[in-house]
Each structure stands twice: as structure tokens, then as C-alpha cells.
Amino acid sequence: MTGKRTAKLAARLAVLSALGVMISAPFVWMIAASFKPRREVEDTRILPREPTAKNYPVVLDIVPDPVTKKYLGMRFGRWYFNSLLVATGVTLFQVLTSAMAAYAFSRLRWRGRDTVFILYLATMMIPGVVTMIPNFQMMVWFRFLNTYHGLIIPAAFSAFGTFLLRQFMLSISPSLDEAAMIDGAGHWRIFWDVVMPLARPGLIALSIVTFLGAYQSFFWPLIMLNEDQFFPMSVGMLALDSSYGLQTELIMAATVMNVVPLVILFAVFQKFLVKGLQLGGVKG
Amino acid sequence: MAEGRIRPGFDAEDPDGPTPPAGARPAHGPGAAGPVRPARLPPAVIGFLLPNFLGFLAFTLFPVLFSLCMAFTNWTLKPAVGLEFVGLRNFGDLLGARAVGEGNAALWFGYALFAVLLVGGVVGTLWANVAAWPGSKAGGLALAALGATTLVVAFASAAHHSVVIAGLVAAIAGAAAARREEGDWRPGLGTVPAVALWLAASGLWLLHGAMWRSYEPADGRFWLYLYNTVYLMMGLPFSVAGSLALALLLNAELPLGDSQRRRSRLLPPRLAWALVCLACGGVTMLVVWGLGRPNLALLGGLFWLAAALGIGLGVVAFRTMYYLPTFTAGVALMILWKALYNPQTGPINAALSAVFGALGIDAKPPLWLSSVTWAKPALIIMGIWTAIGGTNMLLYLAALSNVPRDLLDAAEVDGAGAWARFRHVYWPQLAPTTFFIAVMSIIGGLQGGFEQARVMTGGGPAGATTTLSYYIYNKAFEELELGYAAAVSWVLFAIIFVATAINWRFGRELEVEP
Amino acid sequence: MRAVFGGALAAFAVMYLVAELTLSRGVPEGVVRIRWSTDPNPARTIQTRLFSELNPGVEVVVDPGSQQKLIVQCATGTGPDVIDLYGIEHMRSCAEAGILLDLTPYAREMGFAPENTYPAIRDGLLVDGKQYRFPCNVWANCVIYNKKVFDDHGVSYPRKGWTYDDFIEIGRRFKTTPSKSGEKHLAVANYYNVWFFQDLLIGCGGRQFTPDGLRSAFDSEEAIRAMRMYHDLMYVHGVLTPPSEAAALSSQGGWGAGGLNWFSAGRAAMIFIGRWYIVQVPNWPNLKGCLGAVQLPRVGERPSAGQCGSRAAGINVKSPHRREALKFLQYLASPAYSRLIVADGDSMPPNPELARSGQDLVNEAVDDPEFHEPFVEALKSARPLDYSPYIDASLVQRWLSERIGQVENKLVSPEEAMRSLAAEINEKIRQNIERRPDLQALSSRR
């Protein structure tokens with residue numbers, strides 16, 4: 001019996017590992033490319049023949065680019081901090097406001113609720129390209145250009161988050177609310193103490209997705225910022241793609257530095273998803 | 001909406017529900033009388049909704065309404081062109097037809113009529129089946145017959161391959177509709193859309209020669225780009241199914257190392273097994289590298305490393321690995337995939353050549369991104385690959401954690417196998433998430449393909465990978481035809497809206513438990 | 001749950017405070033800052049620093065961006081002060097959108113009028129007779145070749161005054177003669193097929209539009225001949241790389257599409273490109289001392305000719321710092337700036353005085369005056385592409401690119417492609433004139 005179980009486990013492990021290699025192979029290529037000199041980047045061989053660690057100091061502006069002898073002028077530290085700041089702010093506000101709105105859409109019954117929800121949904125269906133100019137005009141009117149709050153506030157409202165959390169909250173039994181209400185709790189209490197803990201997996205999933213999205217957002221920061229002290233990493237990395245040519249190995253180095261802390265954060269956050277498994281899933 | 005229905009497994013009278021928050025005093029407010037009655041807008045609603053709603057009004061609604069107005073004008077940002085209200089002209093330029101030489105009013109009318117019947121028939125068929133109108137089974141049969149006839153005619157007359165695809169889709173959809181258990185074979189309201197499709201198909205077939213000679217589409221590229229956009233969505237079902245499969249695989253822990261047998265008293269079993277894997281990895285790498293295949297050696301070594309990480313860290317390792325493409329999304333990833341798809345030096349074609357050689361097939365691997373026929377499949381494959389372990393998998397994992405244990409236990413006690421457990425326990429519990437993913441996939445898919453077109457293909461060889469969103473971008477920002485771009489956006493919106501409405505209705509059907 | 005959010009909020013507040021407190025606010029006293037939207041090239045730092053030295057009190061901030069960003073910002077009045085325009089289509093687009101300042105009143109007295117730069121590019125700075133930009137650099141394509149690759153196959157270098165027949169012969173030799181080193185090489189690395197075709201068009205003596213701009217000239221004899229030549233070079237003579245092999249060229253997008261790196265790596269013998277290629281040379285030590293250049297091949301008996309283009313700067317009409325922006329354009333026309341361009345290798349300097357012969361253009365990357373000489377010559381006989389006020393220039397460019405793609409993929413014949421392109425353009429012109437009173441007025445004036 002144990003042998004069969006072990007065999008099944010081993011099979012599962014093998015499948016998962018194979019898939020893992022296949023799916024994360026691009027990432028491996030990226031790390032390898034970040035250690036290659038310029039002329040090897042095109043090579044099909046994944047590992048560099050002449051590995052060099054020089055790309056990282058060049059990106060960090062510690063040494064000038066050996067070929068052009070010019071400093072890249074990348075303010076990696078500041079840009080990285082900006083990305084983190086904006087991503088944290090956006091995630092925090094978006095999750096909070098979306099959760100509250102999702103509560104209103106799922107636990108409360110009111111006239112016009114479905115209409116308003118469909119309206120929310122409908123606005124996601126407009127391609128963003130044409131709404132860009134009026135949107136930007138509003139940013140100008142609100143004086144959001146070249147500020148941190150200008151990057152955070154507009155991104156903090158999303159129909160996506162509301163929709164997602166609504167789905168999660170729908171699967172929580174209303175009887176819990178009723179029980180709490182009978183015991184005299186108001187909506188605010190129910191929200192925080194009953195619904196939110198049970199919706200934790202959804203909250204975590206939304207947080208991860210939102211954080212990543214805000215971290216990687218490129219276009220809106222690009223058009224809203226002119227001063228490079230506000231740039232997030234995604235915009236700052238443009239310096240590596242200019243008429244001097246796409247400097248792939250430097251972009252890869254910058255991307256690796258950009259992403260590795262996220263990966264670690266993600267791996268750590270996983271534990272909370274698992275914990276949520278134990279807290280949120282068991283009904284009784 | 002399903003929120004009012006009690007889900008199976010959730011018993012309203014369950015005495016084991018969590019205790020109410022400690023310290024709750026008897027309320028004097030609305031809670032004292034029981035659950036809230038939706039007579040008018042309770043203050044709670046306003047409080048909860050307001051922050052989000054304000055943001056929505058400010059940042060979303062206004063620009064959207066603005067662009068709607070612009071779709072009816074000739075706005076181009078050029079001061080020399082005065083802003084005028086042009087009514088439906090942009091839409092006509094987009095969806096209409098233009099006479100080649102002399103027009104023929106009767107022909108034009110026929111064309112318009114059959115186009116309307118076609119669109120109405122398609123939407124009607126979907127809606128009828130989703131809303132379970134009477135007569136849908138008969139309609140399904142009629143549709144299947146239409147599909148079969150179309151296929152026969154298409155092959156007999158060597159028609160364009162899109163006709164073949166249309167026939168295939170009709171036949172399969174019709175057969176699926178006809179196989180439904182509910183309803184009977186009597187014709188009813190649900191048969192009307194199928195009849196409309198028969199009329200449209202016959203009419204278009206009879207007229208098509210004359211029509212193409214006398215009329216041409218006002219904006220032929222729009223239809224090509226629409227086709228591209230829909231084509232690129234073909235990979236979505238596979239991607240979502242794959243994400244679900246991965247989530248299921250990763251849901252349970254890997255209890256390796258809890259085995260009774262102890263290999264070594266010095267190390268905990270987990271660590272021991274992990275080290276064994278690492279050792280295997282080292283050996284594999286040395287051997288394969290020695291054979292002169294460094295890339296393969298690296299991949300082999302990585303396989304063992306992944307296994308070691310899985311044993312050591314558990315499923316967390318795999319979830320992180322699968323999510324990596326989502327982390328590196330963007331230009332870096334696209335550059336990488338362009339390299340992978342390189343026909344001469346890329347690993348994909350290298351592998352394919354090896355496979356062809358081994359199987360003795362005499363064929364050259366395709367040219368991928370520079371081939372008109374293979375560019376889109378290349379993008380689809382890339383899309384599936386990068387998305388399969390991404391956000392959808394995460395959402396499914398989160399949803400799976402909400403599946404009540406007692407249901408699963410009950411099913412196991414009842415002797416249900418893995419597939420039965422999946423169908424009757426997992427699938428219904430995951431319905432809201434699946435629904436969400438389906439809706440978002442359609443919304444995202446129809447608006448997608450923009451980054452790929454801009455970064456990887458520039459719109460593809462001869463426009464093969466240009467999607468509607470890239471078209472809108474070009475019209476708006478390269479040619480500065482903002483009114484027209486707005487019109488295209490709203491047509492796209494209409495398509496998305498109808499597709500989502502059908503999906504929504506379908507989702508509601510699913511949420512009704514028997 | 002409340003604790004989690006509370007903690008997160010606190011952490012965010014701290015980060016926000018730190019960020020805000022470490023911002024550098026405002027501009028120092030007495031300094032004017034102007035924004036220059038251009039690609040964030042490392043050379044810009046030196047160029048802007050020199051400008052600030054020559055014009056104390058003015059700083060230039062490089063603002064990276066894209067066409068989309070430019071349009072969105074200018075539509076709302078928050079655009080940059082100095083705008084880099086990468087081609088005639090771009091300039092026409094921005095001029096028609098009312099973004100650019102008409103420079104004609106200022107240009108002559110401040111020294112950046114068309115007369116201050118090469119004769120060849122002068123028309124490329126004007127829209128309907130008004131000047132809207134001044135070059136940051138000027139380019140005309142030549143053929144750069146790798147002497148090592150030629151030696152490897154035992155083929156003699158292209159000579160001055162060569163024709164397309166010579167070109168075909170060279171291509172044939174590359175395919176049939178094996179190399180001494182055993183490596184395979186492409187005869188020509190693909191760079192940007194639309195430019196290649198347009199050079200061919202001008203080489204054949206063709207135009208894109210009739211002189212009055214009312215009809216497309218793509219169905220003229222010269223244009224059809226150019227497209228047929230393009231097709232034949234690819235599929236009959238096998239000199240140009242068809243898409244199947246073009247895809248073999250590298251994966252890198254951006255400024256150097258595939259062929260650039262292929263040529264740099266020494267896998268191709270020739271490339272049709274401007275002098276700005278040598279910016280890449282320091283990255284590739286294998287190219288040192290191996291490069292030669294020659295003007296574009298002649299079509300039959302006609303002299304060698306191609307298009308000339310320019311990355312040129314215009315000024316935002318709504319800029320609050322117009323005076324300083326104009327000073328920047330004046331700086332572009334100055335010898336000091338041109339010397340920087342020569343040293344950098346970023347095509348030809350805007351000031352013709354510094355590029356009278358190949359010797360003037362010698363720089364660190366390539367110190368052979370014979371290499372630079374053809375570029376000087378090419379600029380004498382080049383001319384900018386002609387466009388029409390009745391149809392959007394970038395639309396024409398896109399449709400042309402589409403047709404070229406179709407010909408490359410053998411979906412249509414060259415004649416069909418050109419005729420359908422001309423027909424489509426004419427139809428669009430007709431529609432534009434019908435719908436726009438300002439164009440009707442223009443057409444009746446001509």
C-alpha cells in the first residue's frame with residue numbers, strides 16, 4: 001500500500017517538476033542572459049560561455065558601460081523604491097475599496113444593485129485606448145501629474161477587484177451574517193469580523209494580482225511623469241532601449257533585480273494562502 | 001443571482017457556525033429586527049459603496065461617456081478640421097459596404113438583410129440555448145443540418161477555409177444543442193434563430209458572387225482584424241482548463257518524507273530525498289554535457305532541482321515556479337519568445353526537427369512569426385504557456401481552499417472516484433470562480449493582442465497578427481482619427497457586451513443547482 | 001483582519017512620507033528647465049550638458065516617450081518643449097495636429113533655417129512652405145560591407161559607381177562560392193524593408209505622389225519597376241533575404257531590428273543603412289578595421305540616389321519656454337553640437353561645414369576616411385520622400401508596409417500590389433477631399 005502511494009506521489013512530483021521546468025525556462029534564460037556579454041546574448045546556448053558579472057554594476061550605475069564608456073544614469077535605488085511605494089499604495093486602497101464595494105454588491109440587497117453592477121462591468125469592456133485622452137485630461141485638471149498620489153489614486157479603483165471579491169463573497173453563506181446580526185452586530189462589524197476573514201483567500205489572490213499589476217504598470221506612469229525622481233522601474237528601464245540599441249543583457253540584469261524580491265515575497269505570501277486554507281475553508 | 005440560493009453543503013440551520021463576534025450587545029438598530037429588508041437604500045450601502053463608486057465615477061465613467069460622444073463626430077485633433085457631428089458616418093465607414101462602380105439597391109438591401117439575419121441568428125441561437133427556450137432542441141437539429149450542408153457545399157466547391165470553419169462550428173454547436181436532456185423535439189421560439197441562420201446562409205450563398213463583384217466592404221481590414229482577434233482567443237479554454245488542472249495538482253500538499261521508512265537516521269527524510277534529487281541532477285548534467293548538449297544538460301539538471309525544491313519546500317515551490325512568467329511579463333518576456341520562435345536558431349524548431357527526424361517525417365518546421373499562417377498559432381501557444389500557471393491558477397487555488405472538507409469526505413465515504421469527486425464536488429464549488437474567469441477572459445481576450453502586435457510582430461506579416469485593439473491604437477495615435485477610433489472601440493464594446501451577456505446568462509443557469 | 005490592514009496602512013504611510021521628504025522640489029533660482037522628448041540615449045547627457053554650458057541658466061531634461069505619450073500630452077497642453085521628430089510622416093502628423101510651432105519667423109535670424117543645413121534635406125523640414133523642425137542629425141543610406149566576410153568568400157569589394165547588376169552578381173557569388181572558414185554568410189542583412197523599397201523607388205526616379213499631391217504615383221512605371229526589382233532581388237536572384245530567412249535574424253526589436261545584429265556579428269556581408277550604424281561598432285570588437293562603405297547601387301544608367309531623412313527637433317507651440325527652446329534649435333545648428341555628432345557617429349551632423357569630406361567625419365569608431373566619404377556623396381544626390389496634404393502620411397506608410405509584406409510573402413504580384421495601393425490611396429484622397437472643406441479649398445488653389 002505504501003509503495004503504491006509512494007509511486008503515485010513520485011509520479012505527481014515528476015509531472016510537476018517537468019511542468020515547472022518548462023514553464024519557468026524563460027526565467028532561467030533571463031537569469032543566464034544577464035550574465036552574458038553583449039555578443040553572446042544572441043546565442044542559442046542558454047549558459048554563457050564567458051560569464052560576466054559586469055552587467056549588474058553597470059545597471060546600478062556603479063561603473064560606466066564598458067563599451068560606450070558612459071554612465072547609464074540609472075537611479076535604480078530610487079526607481080525601485082518608487083515601484084514598491086506605488087504598488088503598495090495601489091494594492092492597499094484597491095483591495096479595501098473593492099472589498100467594501102463587493103460587500104455591498106453581494107451581501108446587501110438594494111434596488112438598482114444589479115444595474116449598477118452591470119454598469120461597473122460594462123466599463124471594463126471599453127478598450128482603454130480611446131479613453132486615454134479624456135482620462136489624461138482629468139489627470140491634468142486634478143493636478144496629478146508628477147506626483148505620487150497621482151499614480152496611486154486613479155489606479156486604486158477597479159471594477160476587476162470588485163467583481164472578483166463579489167464572487168468570493170457569494171460563496172460565503174448568508175446564514176453567518178444572519179447569525180451575527182441576530183446577535184446585534186452592525187454591517188461594519190460583520191464586514192470586518194465575519195466576511196473578510198472568510199474571504200481571505202480571495203483577498204490574498206487579489207492582492208497578489210493587483211500588486212504585480214501596479215508594479216509592472218508602464219504606460220500610465222510614462223505619460224504622467226516627466227521627472228525621473230518619480231519613475232517606477234518599468235519606465236526607468238527605457239534608458240536601456242534607445243538608439244544605442246536594445247541592450248538585452250542589461251535589461252535582463254535589471255529585470256532580474258527587479259523581479260527576484262517579488263518572487264521571494266510571493267513565496268512567503270504563499271504561506272498565508274495556505275493558512276487561509278485552514279481558516280477559511282472549513283465550515284465548522 | 002445566486003447569492004440568495006443556499007449552496008449544497010451550507011445548511012442554514014447548522015449549529016456549528018462560527019460564533020458571533022465577542023462582546024456584541026443587543027442592538028437597537030436595524031439588526032434587531034432580523035436581516036435587512038431592501039425597502040430603500042440603506043445607509044450601509046452608501047457607506048460601503050461610496051469610496052469605490054466615487055473613483056468609478058471620476059476616473060471611469062466620464063472618459064467613457066466622452067468617448068461615446070466622440071464616436072459620433074469627426075474628431076481628429078487637427079485644428080484645420082472643424083469638429084462636426086457626423087452621426088453614424090463612422091459606423092458606416094466601419095461596418096458598411098461600398099459600391100464598386102454602379103450600385104444596385106436591391107443587392108445592397110439583400111446584403112444588409114442577410115447580414116442582420118446572420119448576426120441575429122447567431123446571437124439568438126446562443127441566447128435561446130442558454131436561456132433554455134422551448135424548441136431549442138429542434139433548433140439545434142436544424143443548426144446541425146445547416147452545418148453539415150455547409151461543409152458538403154464548401155468541400156464540393158473548394159470554398160474559402162473560413163466557410164469550412166463556419167460549417168464545422170455550426171455542426172458541432174447544433175449537435176451539442178440537440179443533445180440536451182430537457183425539452184422535446186417540438187419546434188418553438190428556440191427554433192426561430194436557426195431558421196434565420198438557414199435563410200441567411202442560403203441568401204448569402206446565392207448572392208455572394210454578385211455581391212463581391214458589386215460591393216466591397218468599406219473597411220475590409222476591420223473584418224480581418226476581427227477575425228484575428230477571435231482567432232487568438234482560441235487558446236483560452238485550454239489555458240483555463242490547464243490552470244484548473246494545475247491548481248488541483250497543487251492543492252494538496254506533497255507528503256513526501258512522511259513515509260514510515262527511514263533511509264537515514266542522520267537526516268530527516270525530506271532533506272535526504274531532496275539531496276538525492278540534487279545528486280541525480282548533478283549526474284544528469286555531467287553525462288548530458290559530456291555528450292555535447294549543454295542546453296539539454298541544463299534542462300535536465302533543472303528538472304532534478306525542481307524535484308528537490310518540491311520535496312524540500314512543498315507545493316510552494318511549484319506554485320512560485322508556475323507563476324514566474326507572470327512576474328516577468330512584458331517586453332522581456334516577448335523578446336525571449338521571439339528568440340524561441342526563431343526558425344533557424346530557436347530551440348522550438350530545433351526540437352521539432354529532432355522529432356520529425358526521429359519519426360521519419362519529411363517536413364520542415366514552420367516559420368512561426370514570419371509566416372502568415374503560423375504567426376497566430378505561435379502567439380496562441382505563447383499565450384497558453386505563459387498564462388497557464390498565472391493568475392487563473394491563483395484564483396482557482398484560492399477558491400479550492402473554500403471547498404468544505406466535509407463534502408469531500410462525504411464523497412469519499414460514498415466511494416466516489418476522482419472524476420466523480422471532481423464533477424460533483426469541485427466543479428460546482430468552483431462555479432463562481434470559473435464564471436469570473438470566463439467573463440474576464442472574454443473581456444480581456446477581445447481587447448487583447450495589443451502588446452504582442454506592438455512589440456513582437458508589428459502587426460504581423462501582412463496584417464496577420466493585428467488585432468482590433470492595435471487597429472484602434474493606430475487609428476487614434478498614428479493617424480489621429482480619434483472619432484473613428486472611438487467608433488471602432490464602441491463596436492468592439494458591443495461585441496464584448498453581447499458575449500458577456502450570453503456568458504452571464506449561461507453562468508446563471510449553471511448556478512441553479514438541481 | 002483589521003490589524004493586517006492597519007499595519008499595511010502604517011507601513012505605506014511611512015514609505016510615502018520618506019518618498020515625499022526626499023523629493024527635490026522645484027527648479028533652482030534663475031534656472032529655466034526645458035523638456036526634450038527624445039530617446040534616452042547615453043549621448044544625450046553630453047549633448048545637453050554642452051548646451052547648458054553655452055547657455056547658462058537653461059537646463060535640458062530628457063523626457064523619454066512614445067508617439068502615444070506625445071499625442072496625449074499635447075492634446076491636453078502638457079507636452080514637452082522640444083520634440084524630436086523621426087521622419088517626415090511624424091512631422092506632418094504633428095504639424096497638422098497643431099502641435100508644432102512655425103519656425104519660419106525665427107529661423108533665419110537665429111541661424112537654423114533650411115539654408116543652414118544640407119540642400120538635400122531642406123524640403124524635409126517644411127510642410128506647405130513653412131518650416132517646422134531643424135535636424136539633430138541627417139542620414140542618407142549607403143551600403144556598409146564587412147571586408148572580412150568578402151575576403152572569406154573571395155569576392156571583390158563593391159566599387160564606387162556599381163549598379164544593381166553588380167549587386168546581383170555579388171549576391172550570386174556569396175551563394176555559390178564556399179567560404180574559406182566554412183561559415184555561411186548572408187549576402188545582405190535585412191534592415192527595414194520599407195526604407196529599402198523607398199530607396200529603390202527614388203533610385204528608379206519615382207515618387208510617391210504626383211507633384212500636386214492629388215494622386216498617388218505608386219502605379220507609375222517607376223514605382224512598379226521598383227517593386228518588381230524588390231521582388232526579383234528576393235526571389236529571382238536570391239540576393240535579399242526572404243522572410244523565411246529574415247526571421248533567422250535576431251530576436252531583438254527596438255531600434256535595431258534583426259539584421260543589424262546579424263551584420264554586427266559578422267554573419268552577413270552587406271547592410272543598407274545610414275552612418276548611424278557605427279554607433280554600434282564599439283560593442284563589436286570583431287568589426288574594428290573591417291568596415292567599408294559604398295553608395296547605393298545605381299539603377300541602370302541613372303545616378304545613385306536614395307532618400308534622405310533626419311531626426312529633427314521641433315518646438316511645441318504651447319511651450320511656456322519658447323525663447324529657451326529656440327536657443328536649443330540654434331545650438332543644434334552650431335558647430336559645437338555638430339562636432340559631438342561626428343564624434344558619436346550618430347549619422348551626419350546638421351551643419352554641413354563639418355562634413356565636407358570623409359576626412360571630416362573620421363571618429364574613434366571608424367578612423368578610415370574612405371569609409372565616411374560615400375555618406376557625404378550620398379547626401380548630395382539624395383532627396384526626401386514626397387507626401388501629400390490630402391492623405392495622412394503615416395497611413396500611407398502603413399499601407400505601403402503592408403503591401404511590401406504581401407509581396408515578400410508571395411501573396412500578390414508586385415504589379416497588383418502597387419496598383420491596388422495606388423487605387424486605395426486615391427479613393428482615400430477622394431473621400432478626404434469630399435469631407436473636409438479645408439482640403440477642398442487647398443485643391444482649388446493649386
# chains A, B, ... in the order shown; residues from 1 in each chain; ligands from 1
$ residues_around --residues "Cys308 of chain C" --least-positions-apart "5" --cutoff "9 Å" --atoms "only C-alpha atoms" --output "list in words"
Ala120, Ile121, Gly124, Val138, Trp139, Ala140, Asn141, Asp199, Ala378, Leu379, Ser381, Ala382, Arg383, Pro384 and Leu385 of chain C
$ select_by_dssp --residues "segment 138-301 of chain C" --states "strand (DSSP E or B)" --output "number ranges by chain"
C: 138-140, 142-146, 163, 186-189, 209, 216, 268-273, 291-294, 298
$ closest_atom_pairs --of "segment 51-70 of chain A" --to "segment 21-45 of chain A" --cutoff "8 Å" --atoms "only C-alpha atoms" --output "CSV"
residue,atom,partner,partner_atom,distance
A:Pro51,CA,A:Lys36,CA,5.3
A:Thr52,CA,A:Phe35,CA,5.2
A:Ala53,CA,A:Phe35,CA,5.7
A:Lys54,CA,A:Phe35,CA,7.7
A:Asn55,CA,A:Ser34,CA,6.7
A:Tyr56,CA,A:Ser34,CA,7.9
$ write_last_selection --atoms "C-alpha atoms" --output "PDB file, in the first residue's frame"
ATOM      1  CA  PRO A  51      30.114  34.626 -17.940  1.00  0.00           C
ATOM      2  CA  THR A  52      30.483  38.150 -16.737  1.00  0.00           C
ATOM      3  CA  ALA A  53      29.124  39.787 -13.638  1.00  0.00           C
ATOM      4  CA  LYS A  54      29.719  43.257 -15.056  1.00  0.00           C
ATOM      5  CA  ASN A  55      26.161  43.836 -16.195  1.00  0.00           C
ATOM      6  CA  TYR A  56      24.849  44.321 -12.704  1.00  0.00           C
TER       7      TYR A  56
END
$ closest_residue --among "A:Thr255, A:Phe269, A:Ala205, A:Met139" --to "Gly390 of chain B" --atoms "only C-alpha atoms"
A:Ala205
$ interface_residues --of "chain B" --to "chain C" --cutoff "6 Å" --atoms "only C-alpha atoms" --output "ChimeraX atom specification"
/B:77-78,338-339,342-344,461-462,477
$ select_by_dssp --residues "segment 147-237 of chain A" --states "helix (DSSP H, G or I)" --output "number ranges by chain"
A: 148-152, 154-156, 159-170, 174-182, 187-198, 200-216, 219-224, 233-237
$ closest_residue --among "A:Ser98, A:Thr210, A:Gln270, A:Thr6" --to "Val86 of chain A" --atoms "only C-alpha atoms"
A:Thr210
$ closest_residue --among "A:Phe144, A:Phe266, A:Phe105, A:Phe81" --to "chain C" --atoms "only C-alpha atoms"
A:Phe81
$ closest_residue --among "C:Gly65, C:Gly171, C:Pro42, C:Pro28" --to "Trp220 of chain A" --atoms "only C-alpha atoms"
C:Gly65
$ closest_residue --among "B:Leu249, B:Cys277, B:Ile335, B:Leu83" --to "Gly389 of chain B" --atoms "only C-alpha atoms"
B:Leu249
$ atom_distance --atom1 "atom CA of Gly111 of chain C" --atom2 "atom CA of Val27 of chain C"
29.2 Å
$ closest_residue --among "B:Ser489, B:Asn251, B:Asn104, B:Thr191" --to "chain A" --atoms "only C-alpha atoms"
B:Ser489
$ atom_distance --atom1 "atom CA of Pro389 of chain C" --atom2 "atom CA of Ala417 of chain C"
23.0 Å
$ residues_around --residues "Met270 of chain C" --least-positions-apart "2" --cutoff "12 Å" --atoms "only C-alpha atoms" --output "PyMOL selection string"
chain C and resi 142-150+157-158+167+170-171+174+185-191+239-241+259-260+262-268+272-273+290-296
$ write_last_selection --atoms "C-alpha atoms" --output "PDB file, in the first residue's frame"
ATOM      1  CA  CYS C 142      24.636  53.678 -48.207  1.00  0.00           C
ATOM      2  CA  VAL C 143      25.813  50.109 -48.258  1.00  0.00           C
ATOM      3  CA  ILE C 144      28.151  49.164 -45.443  1.00  0.00           C
ATOM      4  CA  TYR C 145      30.104  45.984 -46.029  1.00  0.00           C
ATOM      5  CA  ASN C 146      32.255  43.732 -43.944  1.00  0.00           C
ATOM      6  CA  LYS C 147      35.634  43.288 -45.638  1.00  0.00           C
ATOM      7  CA  LYS C 148      36.415  40.142 -43.698  1.00  0.00           C
ATOM      8  CA  VAL C 149      33.316  38.390 -44.990  1.00  0.00           C
ATOM      9  CA  PHE C 150      34.076  39.445 -48.547  1.00  0.00           C
ATOM     10  CA  TYR C 157      34.537  44.726 -52.735  1.00  0.00           C
ATOM     11  CA  PRO C 158      31.760  46.796 -54.277  1.00  0.00           C
ATOM     12  CA  PHE C 167      24.910  43.763 -56.668  1.00  0.00           C
ATOM     13  CA  ILE C 170      27.951  39.715 -55.712  1.00  0.00           C
ATOM     14  CA  GLY C 171      24.959  38.025 -54.172  1.00  0.00           C
ATOM     15  CA  PHE C 174      28.124  34.560 -51.999  1.00  0.00           C
ATOM     16  CA  HIS C 185      27.021  34.144 -44.602  1.00  0.00           C
ATOM     17  CA  LEU C 186      24.046  36.059 -45.865  1.00  0.00           C
ATOM     18  CA  ALA C 187      24.766  38.444 -48.662  1.00  0.00           C
ATOM     19  CA  VAL C 188      22.549  41.188 -47.270  1.00  0.00           C
ATOM     20  CA  ALA C 189      21.227  41.587 -43.770  1.00  0.00           C
ATOM     21  CA  ASN C 190      17.634  42.781 -43.763  1.00  0.00           C
ATOM     22  CA  TYR C 191      17.193  46.013 -42.015  1.00  0.00           C
ATOM     23  CA  VAL C 239      20.240  38.280 -53.015  1.00  0.00           C
ATOM     24  CA  LEU C 240      17.813  39.675 -50.473  1.00  0.00           C
ATOM     25  CA  THR C 241      16.731  37.511 -47.614  1.00  0.00           C
ATOM     26  CA  GLY C 259      19.514  42.450 -39.426  1.00  0.00           C
ATOM     27  CA  LEU C 260      21.600  44.921 -37.507  1.00  0.00           C
ATOM     28  CA  TRP C 262      23.292  39.760 -37.631  1.00  0.00           C
ATOM     29  CA  PHE C 263      25.560  42.034 -39.600  1.00  0.00           C
ATOM     30  CA  SER C 264      27.397  43.138 -36.483  1.00  0.00           C
ATOM     31  CA  ALA C 265      28.102  39.571 -35.541  1.00  0.00           C
ATOM     32  CA  GLY C 266      29.765  39.108 -38.905  1.00  0.00           C
ATOM     33  CA  ARG C 267      27.167  36.746 -40.346  1.00  0.00           C
ATOM     34  CA  ALA C 268      26.190  38.975 -43.249  1.00  0.00           C
ATOM     35  CA  PHE C 272      21.784  49.047 -46.410  1.00  0.00           C
ATOM     36  CA  ILE C 273      21.873  51.625 -43.675  1.00  0.00           C
ATOM     37  CA  CYS C 290      36.845  45.725 -41.250  1.00  0.00           C
ATOM     38  CA  LEU C 291      34.165  48.061 -42.441  1.00  0.00           C
ATOM     39  CA  GLY C 292      33.876  49.662 -45.814  1.00  0.00           C
ATOM     40  CA  ALA C 293      31.091  51.716 -47.350  1.00  0.00           C
ATOM     41  CA  VAL C 294      29.888  52.493 -50.816  1.00  0.00           C
ATOM     42  CA  GLN C 295      26.960  54.443 -52.181  1.00  0.00           C
ATOM     43  CA  LEU C 296      23.735  52.714 -53.081  1.00  0.00           C
TER      44      LEU C 296
END
$ atom_distance --atom1 "atom CA of Val60 of chain C" --atom2 "atom CA of Ser217 of chain A"
26.6 Å
$ residues_around --residues "Phe218 of chain C" --least-positions-apart "3" --cutoff "12 Å" --atoms "only C-alpha atoms" --output "PyMOL selection string"
chain C and resi 197-198+201-202+206-210+215+221-227+386-387+396+399-400+403+414-426
$ residues_around --residues "segment 94-99 of chain B" --least-positions-apart "3" --cutoff "6 Å" --atoms "only C-alpha atoms" --output "PyMOL selection string"
chain B and resi 91+103+214-219
$ residues_around --residues "Arg186 of chain B" --least-positions-apart "6" --cutoff "12 Å" --atoms "only C-alpha atoms" --output "list in words"
Trp133, Pro134, Gly135, Ser136, Lys137, Ala138, Gly139, Gly140, Leu141, Ala142 and Ala178 of chain B
$ write_last_selection --atoms "C-alpha atoms" --output "PDB file, in the first residue's frame"
ATOM      1  CA  TRP B 133     -36.227  28.474 -24.633  1.00  0.00           C
ATOM      2  CA  PRO B 134     -38.728  25.885 -25.807  1.00  0.00           C
ATOM      3  CA  GLY B 135     -37.879  24.499 -29.189  1.00  0.00           C
ATOM      4  CA  SER B 136     -34.128  24.761 -28.685  1.00  0.00           C
ATOM      5  CA  LYS B 137     -33.630  21.090 -29.392  1.00  0.00           C
ATOM      6  CA  ALA B 138     -35.343  21.333 -32.731  1.00  0.00           C
ATOM      7  CA  GLY B 139     -33.330  24.455 -33.393  1.00  0.00           C
ATOM      8  CA  GLY B 140     -30.171  22.590 -32.559  1.00  0.00           C
ATOM      9  CA  LEU B 141     -31.041  19.873 -35.017  1.00  0.00           C
ATOM     10  CA  ALA B 142     -31.729  22.424 -37.731  1.00  0.00           C
ATOM     11  CA  ALA B 178     -29.747  18.930 -29.858  1.00  0.00           C
TER      12      ALA B 178
END
